[in-house]
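Since the structure comes first, as structure tokens, the remarks are kept for the end.
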Amino acid sequence: MEMEEGDLYDEFGNYVGPPLSEDEESEGDVRSVEEEEYDEELAAAEARADERMAFLEEAEEEHEEDPGQQIVLHEDKKHYPSAEEVYGGDVETLVEDEDAQPLEEALIKSVAAKAWQLQEKEVPETTVSQDFLAGLMSNPELIRNVTVAGHLHHGKTTVVDMFVEQTHSPREADQVASRSGQGKSLRYTDYRFDEQKRGISIKATPMSLVLQSMSGKSYLCNFMDSPGHTNFTDETVASLRLSDGILLVVDAAESLMISTELAIKTAIAEGLAIT
């Protein structure tokens, strides 16, 4: 009497029946080999599935790091790198949205204020009042524009100094003379430090003085003390363009020089009266 198939195995699937014959054992061995092959194929499929899942997860992480063509809101956009990315985490950075100082104040202040010219702190006291001077300025017929021209070191600035001494009060003239030093020329129109140091005029300097004619009539004379050096001839030419006449200064010892000839030619070309 043969045992039923259900009685050949226990509840755990173990064979508990009578001993098997050789044919049945060989059949069981073939079955076990097939099961092992199936298990190997199943393990290989699971390994491939795990690799695929790992690849997909890695690709998803890279996609999250690099937005690419994703839609980004305006407030989430990043146009420039942060200060930490540029300078590093160990550098302290300070960002100010508004100016902490007015625009009139320089970002980098100068170490010392450099002065390059002399300036009068007060209005010099002249022999005429300021109202009289303003009255002459309102009448163009009583205004004369004169250029003091000549060669280098022929005495143009000295002539203007003589006019200054004549038109200013004696007290004011003494104070100016004391500032210039004993035995030194006044050089009132050489207000730049480099002009005082080199002893020559570099820029044409205007000066308004009230002078009288031979008949005693007062005129407002705007004198232009022009340079005599040939390198600054453009200052002389520009002064002559604005003048009504020219006061030519010539050194009797040196006579006519190149700058003197140039001033005469320019005055004749402009149709100016030469004194």
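Letters A, B, ... go to the chains of the structure tokens in the order shown; residues in each chain start at 1; ligands are counted from 1 in the same order.
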**Prompt:** Among stretch 18-217 of chain A, which residues carry a DSSP assignment of strand (DSSP E), reported as a PyMOL selection string?
**Reply:** chain A and resi 143-150+205-212
Would you save the residues from that selection as a CSV table (one decimal), in the first residue's frame, using all heavy atoms?
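Once written, part-v6.csv looks like this:
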```
chain,number,residue,atom,x,y,z
A,143,ILE,N,35.5,151.2,-19.0
A,143,ILE,CA,36.2,149.9,-18.8
A,143,ILE,C,37.2,149.7,-19.9
A,143,ILE,O,36.9,149.9,-21.1
A,143,ILE,CB,35.3,148.7,-18.7
A,143,ILE,CG1,34.3,148.9,-17.5
A,143,ILE,CG2,36.1,147.4,-18.5
A,143,ILE,CD1,33.3,147.8,-17.4
A,144,ARG,N,38.5,149.4,-19.5
A,144,ARG,CA,39.5,149.2,-20.4
A,144,ARG,C,40.2,147.8,-20.1
A,144,ARG,O,40.6,147.6,-18.9
A,144,ARG,CB,40.6,150.3,-20.4
A,144,ARG,CG,40.1,151.6,-20.8
A,144,ARG,CD,39.7,151.7,-22.2
A,144,ARG,NE,39.3,153.0,-22.6
A,144,ARG,CZ,38.1,153.5,-22.6
A,144,ARG,NH1,37.1,152.7,-22.2
A,144,ARG,NH2,37.8,154.7,-22.9
A,145,ASN,N,40.3,146.9,-21.1
A,145,ASN,CA,40.9,145.6,-20.9
A,145,ASN,C,42.3,145.7,-21.5
A,145,ASN,O,42.5,145.9,-22.7
A,145,ASN,CB,40.1,144.5,-21.5
A,145,ASN,CG,38.7,144.4,-20.9
A,145,ASN,OD1,38.6,144.6,-19.7
A,145,ASN,ND2,37.8,144.1,-21.7
A,146,VAL,N,43.4,145.6,-20.7
A,146,VAL,CA,44.7,145.8,-21.1
A,146,VAL,C,45.6,144.6,-20.8
A,146,VAL,O,45.5,144.1,-19.6
A,146,VAL,CB,45.3,147.0,-20.5
A,146,VAL,CG1,46.8,147.3,-21.0
A,146,VAL,CG2,44.5,148.3,-20.7
A,147,THR,N,46.3,144.1,-21.7
A,147,THR,CA,47.3,143.0,-21.5
A,147,THR,C,48.7,143.5,-21.4
A,147,THR,O,49.2,144.3,-22.2
A,147,THR,CB,47.2,142.0,-22.7
A,147,THR,OG1,45.9,141.4,-22.8
A,147,THR,CG2,48.2,140.9,-22.5
A,148,VAL,N,49.3,143.1,-20.3
A,148,VAL,CA,50.7,143.5,-20.0
A,148,VAL,C,51.6,142.4,-20.6
A,148,VAL,O,51.6,141.2,-20.1
A,148,VAL,CB,51.0,143.7,-18.5
A,148,VAL,CG1,52.4,144.1,-18.3
A,148,VAL,CG2,50.0,144.7,-17.9
A,149,ALA,N,52.3,142.6,-21.7
A,149,ALA,CA,53.0,141.6,-22.4
A,149,ALA,C,54.4,142.0,-22.6
A,149,ALA,O,54.8,143.2,-22.5
A,149,ALA,CB,52.4,141.3,-23.8
A,150,GLY,N,55.3,141.0,-22.8
A,150,GLY,CA,56.7,141.3,-23.0
A,150,GLY,C,57.5,139.9,-22.8
A,150,GLY,O,56.9,138.9,-22.7
A,205,THR,N,47.1,136.3,-15.2
A,205,THR,CA,46.4,136.6,-14.1
A,205,THR,C,45.7,138.0,-14.3
A,205,THR,O,46.3,139.0,-14.5
A,205,THR,CB,47.3,136.7,-12.8
A,205,THR,OG1,48.0,135.5,-12.7
A,205,THR,CG2,46.4,136.9,-11.6
A,206,PRO,N,44.3,138.0,-14.2
A,206,PRO,CA,43.7,139.3,-14.3
A,206,PRO,C,43.6,140.1,-13.0
A,206,PRO,O,43.6,139.5,-11.9
A,206,PRO,CB,42.2,138.9,-14.8
A,206,PRO,CG,42.0,137.6,-14.1
A,206,PRO,CD,43.4,136.9,-14.1
A,207,MET,N,43.5,141.4,-13.0
A,207,MET,CA,43.4,142.2,-11.9
A,207,MET,C,42.8,143.5,-12.2
A,207,MET,O,43.2,144.2,-13.2
A,207,MET,CB,44.8,142.5,-11.2
A,207,MET,CG,44.7,143.1,-9.9
A,207,MET,SD,46.3,143.0,-9.0
A,207,MET,CE,45.8,143.5,-7.4
A,208,SER,N,41.7,143.9,-11.5
A,208,SER,CA,40.9,145.1,-11.8
A,208,SER,C,41.4,146.2,-10.9
A,208,SER,O,41.4,146.1,-9.7
A,208,SER,CB,39.4,144.9,-11.6
A,208,SER,OG,39.0,143.9,-12.4
A,209,LEU,N,41.8,147.3,-11.5
A,209,LEU,CA,42.4,148.5,-10.8
A,209,LEU,C,41.7,149.8,-11.3
A,209,LEU,O,41.4,149.8,-12.5
A,209,LEU,CB,43.9,148.6,-10.9
A,209,LEU,CG,44.7,147.4,-10.4
A,209,LEU,CD1,46.2,147.5,-10.7
A,209,LEU,CD2,44.5,147.2,-8.9
A,210,VAL,N,41.5,150.7,-10.5
A,210,VAL,CA,41.0,152.0,-10.9
A,210,VAL,C,42.1,153.0,-11.1
A,210,VAL,O,42.8,153.3,-10.1
A,210,VAL,CB,39.9,152.5,-9.8
A,210,VAL,CG1,39.4,153.9,-10.3
A,210,VAL,CG2,38.8,151.5,-9.7
A,211,LEU,N,42.3,153.5,-12.3
A,211,LEU,CA,43.3,154.4,-12.6
A,211,LEU,C,42.7,155.7,-13.2
A,211,LEU,O,41.6,155.6,-13.8
A,211,LEU,CB,44.4,153.8,-13.5
A,211,LEU,CG,45.1,152.6,-13.0
A,211,LEU,CD1,46.1,152.0,-14.0
A,211,LEU,CD2,45.9,152.9,-11.7
A,212,GLN,N,43.5,156.7,-13.2
A,212,GLN,CA,43.0,158.0,-13.7
A,212,GLN,C,43.8,158.4,-15.0
A,212,GLN,O,45.0,158.0,-15.1
A,212,GLN,CB,43.1,159.1,-12.7
A,212,GLN,CG,42.2,159.0,-11.5
A,212,GLN,CD,42.3,160.1,-10.5
A,212,GLN,OE1,43.2,160.9,-10.6
A,212,GLN,NE2,41.4,160.2,-9.6
```
**Asked** What's the 10 Å shell around A:His168, counting only C-alpha atoms, without same-chain residues fewer than 6 positions away, as a PyMOL selection string?
**Response** chain A and resi 124-128+174+209-210
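Atom CA of A:Val160 lies 11.0 Å from atom CA of A:Asn222.
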**A:Leu136, A:Ala204, A:Val250, A:Ala45 ranked by distance to A:Arg192, top pick (using only C-alpha atoms)** = A:Ala204
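Nearest residue to A:Ser129, choosing from A:Thr167, A:Thr158, A:Gln117, A:Asn231 and counting only C-alpha atoms: A:Thr167.
Distance check against A:Phe193 using only C-alpha atoms: of A:Leu133, A:Ala115, A:Ile258, A:Ala252, the minimum falls on A:Ala115.
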